[in-house]
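Just below is one structure, and these are the notes that go with it.
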Amino acid sequence: MHELAVPPVTLQTGLHWLDLLGVLAFSLSGALLAVRKKFDLFGVLVLGCVTAVGGGAIRDTLTGQTPPLFLRDETYLWAALLGAGLAFAFGERLARFERALSVFDTGGLALFAASGALGALNFGLGPLGVIFAGMLSGVGGGIIRDLIANEVPEVMYRREQLYATAAAAGAAAVYLLHPYLTPFQAQLGGALVVILLRWLSRRGWVRLPVRRLPGE
Amino acid sequence: MHELAVPPVTLQTGLHWLDLLGVLAFSLSGALLAVRKKFDLFGVLVLGCVTAVGGGAIRDTLTGQTPPLFLRDETYLWAALLGAGLAFAFGERLARFERALSVFDTGGLALFAASGALGALNFGLGPLGVIFAGMLSGVGGGIIRDLIANEVPEVMYRREQLYATAAAAGAAAVYLLHPYLTPFQAQLGGALVVILLRWLSRRGWVRLPVRRLPGE
Amino acid sequence: MHELAVPPVTLQTGLHWLDLLGVLAFSLSGALLAVRKKFDLFGVLVLGCVTAVGGGAIRDTLTGQTPPLFLRDETYLWAALLGAGLAFAFGERLARFERALSVFDTGGLALFAASGALGALNFGLGPLGVIFAGMLSGVGGGIIRDLIANEVPEVMYRREQLYATAAAAGAAAVYLLHPYLTPFQAQLGGALVVILLRWLSRRGWVRLPVRRLPGE
């Protein structure tokens, strides 16, 4: 039941198409940032692709699956190139679809966090290891995007909304659910937790404290 | 004698508790930087953890031990979370313990450099490979911390004190000592070299040249 | 014919010396940037080495060859240290050799891109995976250099000249050529494509579009 073979989970669960939507959304977010920073065509494509596949690359490197899935399954890079190409072609005009992009982005975050957690479970890791690996898989692409664009990673800095925290909570849900469910169901459950927390925090019903310094 | 099995050295040598102190100290250093940069609670926890486990993750990835030790042995992430939680709770008030933190930090640097060197020896690497792997294991966490905080890595920039150099010298000592000693003794010897060099440079007795440009 | 054993391609093809020239050139480029940024001696050596071996480390990590080649074959780190030492000793006076450095740099880019593509082919990856792995192997060192020096990676930003694009094209050439040629010949062919494209773009005959924002 839980002996997941390489290639990992996402392909076997029928959630492959949702994974690709997440890749597309992450690629758009990276490529739009590159357009704003006036990278050339190639820089836009590369930043889009790296954002889209970064989280999965971290997941596969940490869990020892080499070459990583995005190199073995070409559909990932095609989806990433499609997203980056759209961002280059339409540029700022995509901003009006920001709400739709944000939905895809949450979907990608949810799926990557859950699949990273399953990959870590597969190695018999404990709860913290599963949560950390799932969280990094979810947010890794965005961190690499912001590092290359020479900005403090957005996930770190005064977010009113839960983002990485939602990914960690989703990974925790996968850990708690997986003794009772199939991998498919556990991944779906974890992803739903991420989506729920993102939605609650967008409404302003959940937020994280920022440490205030004296004199501020 | 030198056939070290996975999981690696640090656990078998009885130096595990010192390793955890180093993790705690590195975590505090990362989390305090995050507090100063006004990251939210989650950002503080993540930057603390990443700083604490980054060096070990680099060591294990370079020597092909996946998943890395910090994911397999949960005590590492607990120690990292403890350090980051203390930094978030007490913030700048910890600055008065700066001297104590610096001692722990040197301990962590020494232990990670020596364990990284032993891990590299275990693969039959030559002297430069051992020194490079040990040095990166020692300083890797701090470099990742500074990259994410969008600063030039502290270890690179006009340090009056030896830091990365001390880690490299400790790794070299492990290489030189290991034909004559047990792994435990070689690791301890390498760690002591790091501590000695750090102490000498704090006293101002050893320093590294900075390249002057013409006209400066 | 195509079953390349570990250690990989570059050593078996007789192109090892050219690989080392590339390492030397990359090391000089990283170390000169470190000199300009006033890093200390150690920082200069480390930035030189990391620039020189970063691309190969990415290639070997992505294709699961651990420890990476630069740790197993000591000549790489010696070449990297030589380059960084020259940069520290002669500093800005090397600027007059900029043209020679650029030739070596292109050689390194070409060789790393082609050997990264061969390594990926060796795993049966498809065209996009081969191109992406080859491109990252070629430009990875420079990206790590610029990240550590806290600059937007040069390859991303408004380059008039093809650079990463040339690496990607060379990797694509390796993919297209390898069914008809020996690995040695395919690598050489891919490297020549990189060199040709670099030369054409230096002459101003080829360039990439930059996305213009409205109102600019």
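Lettering and numbering for the structure tokens are positional, with chains as A, B, ... in the shown order, residues counted from 1 in each chain, and ligands counted from 1 in the shown order.
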
Taking only C-alpha atoms into account, report as a VMD selection string which residues of chain B lie within 10 Å of chain A. chain B and resid 34 to 47 49 to 50 57 60 to 61 64 to 78 81 87 to 93 147 to 151

Residue neighbourhood C:Leu111, 10 Å, only C-alpha atoms, exclusion window fewer than 6 positions, as a ChimeraX atom specification: /C:10,15-16,18-23,105,117,134,137-138,167,170-171,187-188,190-192,194-195

Any chance you could export the current selection's N, CA, C and O atoms as a compact mmCIF listing (two decimals), in the first residue's frame?
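Just written: out-v4.txt:
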```
# COMPACT_ATOMS: atom_id res chain seq x y z
N THR C 10 33.84 13.20 -19.33
CA THR C 10 34.92 14.11 -19.68
C THR C 10 36.29 13.47 -19.56
O THR C 10 37.17 13.78 -20.35
N LEU C 15 39.21 14.96 -23.42
CA LEU C 15 38.99 16.40 -23.34
C LEU C 15 39.22 16.90 -21.92
O LEU C 15 38.89 18.03 -21.59
N HIS C 16 39.80 16.04 -21.06
CA HIS C 16 40.02 16.42 -19.68
C HIS C 16 40.79 17.72 -19.54
O HIS C 16 40.44 18.59 -18.74
N LEU C 18 40.91 20.23 -21.55
CA LEU C 18 40.10 21.38 -21.92
C LEU C 18 39.10 21.69 -20.79
O LEU C 18 38.85 22.85 -20.46
N ASP C 19 38.57 20.64 -20.18
CA ASP C 19 37.73 20.78 -19.00
C ASP C 19 38.46 21.59 -17.93
O ASP C 19 37.90 22.51 -17.33
N LEU C 20 39.72 21.25 -17.70
CA LEU C 20 40.49 21.94 -16.67
C LEU C 20 40.72 23.40 -17.04
O LEU C 20 40.70 24.28 -16.18
N LEU C 21 40.92 23.68 -18.32
CA LEU C 21 41.04 25.08 -18.75
C LEU C 21 39.75 25.85 -18.45
O LEU C 21 39.78 27.00 -18.02
N GLY C 22 38.63 25.19 -18.69
CA GLY C 22 37.35 25.81 -18.37
C GLY C 22 37.23 26.08 -16.88
O GLY C 22 36.80 27.17 -16.47
N VAL C 23 37.62 25.11 -16.07
CA VAL C 23 37.60 25.29 -14.61
C VAL C 23 38.46 26.48 -14.21
O VAL C 23 38.06 27.33 -13.41
N ASP C 105 36.56 31.08 -20.83
CA ASP C 105 35.23 31.01 -20.25
C ASP C 105 34.27 30.34 -21.22
O ASP C 105 33.49 29.46 -20.84
N ALA C 117 24.94 17.47 -20.88
CA ALA C 117 23.96 16.86 -21.77
C ALA C 117 24.23 15.37 -21.94
O ALA C 117 23.31 14.55 -21.92
N GLY C 134 22.03 20.15 -19.46
CA GLY C 134 23.25 20.67 -20.08
C GLY C 134 23.40 22.16 -19.85
O GLY C 134 24.48 22.65 -19.49
N SER C 137 24.35 22.86 -16.26
CA SER C 137 25.75 22.52 -16.01
C SER C 137 26.67 23.62 -16.54
O SER C 137 27.70 23.93 -15.93
N GLY C 138 26.29 24.20 -17.67
CA GLY C 138 27.13 25.25 -18.25
C GLY C 138 27.10 26.54 -17.46
O GLY C 138 28.14 27.17 -17.22
N ALA C 167 24.53 27.73 -24.39
CA ALA C 167 24.70 26.46 -23.68
C ALA C 167 23.54 25.52 -23.98
O ALA C 167 23.73 24.32 -24.22
N GLY C 170 23.90 24.12 -27.45
CA GLY C 170 24.92 23.08 -27.49
C GLY C 170 24.42 21.76 -26.94
O GLY C 170 24.70 20.69 -27.50
N ALA C 171 23.65 21.85 -25.85
CA ALA C 171 23.08 20.62 -25.29
C ALA C 171 22.10 19.99 -26.26
O ALA C 171 22.05 18.75 -26.41
N GLN C 187 29.92 15.13 -27.95
CA GLN C 187 30.29 16.19 -27.01
C GLN C 187 31.04 17.31 -27.74
O GLN C 187 30.78 18.49 -27.54
N LEU C 188 31.98 16.89 -28.60
CA LEU C 188 32.75 17.87 -29.35
C LEU C 188 31.83 18.71 -30.23
O LEU C 188 31.95 19.94 -30.30
N GLY C 190 28.62 19.35 -29.80
CA GLY C 190 27.84 20.26 -28.97
C GLY C 190 28.67 21.44 -28.51
O GLY C 190 28.21 22.59 -28.53
N ALA C 191 29.92 21.17 -28.12
CA ALA C 191 30.79 22.25 -27.66
C ALA C 191 31.05 23.24 -28.79
O ALA C 191 31.06 24.46 -28.58
N LEU C 192 31.23 22.73 -30.01
CA LEU C 192 31.48 23.63 -31.14
C LEU C 192 30.28 24.52 -31.42
O LEU C 192 30.44 25.69 -31.79
N VAL C 194 28.21 25.67 -29.18
CA VAL C 194 28.26 26.73 -28.17
C VAL C 194 29.25 27.82 -28.59
O VAL C 194 28.95 29.02 -28.56
N ILE C 195 30.44 27.37 -28.99
CA ILE C 195 31.49 28.33 -29.34
C ILE C 195 31.07 29.17 -30.55
O ILE C 195 31.26 30.40 -30.58
```

Go through stretch 1-210 of chain C and collect every residue that DSSP, computed from the backbone, puts in alpha helix (DSSP H); the answer should be as a PyMOL selection string. chain C and resi 9-12+16-36+41-62+69-72+74-90+98-121+127-148+164-177+183-202

Which parts of stretch 1-213 of chain B does DSSP call strand (DSSP E or B) when run on the backbone here, written out as an mmCIF file with N, CA and C atoms, in the first residue's frame?
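Ended up saving to part02.cif:
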```cif
data_model
loop_
_atom_site.group_PDB
_atom_site.id
_atom_site.type_symbol
_atom_site.label_atom_id
_atom_site.label_comp_id
_atom_site.auth_asym_id
_atom_site.auth_seq_id
_atom_site.Cartn_x
_atom_site.Cartn_y
_atom_site.Cartn_z
ATOM 1 N N PHE B 39 11.030 39.115 9.726
ATOM 2 C CA PHE B 39 10.290 37.989 9.182
ATOM 3 C C PHE B 39 9.171 37.648 10.153
ATOM 4 N N ASP B 40 8.103 36.977 9.661
ATOM 5 C CA ASP B 40 7.057 36.544 10.575
ATOM 6 C C ASP B 40 7.502 35.272 11.319
ATOM 7 N N TYR B 157 33.298 38.167 3.633
ATOM 8 C CA TYR B 157 33.424 39.596 3.463
ATOM 9 C C TYR B 157 34.217 40.218 4.599
ATOM 10 N N VAL B 210 43.437 40.961 3.092
ATOM 11 C CA VAL B 210 42.424 41.405 2.139
ATOM 12 C C VAL B 210 43.174 42.036 0.976
#
```

For atom CA of A:Pro183 and atom CA of A:Leu121, the interatomic separation in Å (one decimal): 10.0 Å

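Take the candidates A:Ala166, A:Leu109, A:Leu176, A:Ala186 and check each one against A:Arg202 using only C-alpha atoms; the shortest distance goes to A:Ala166.
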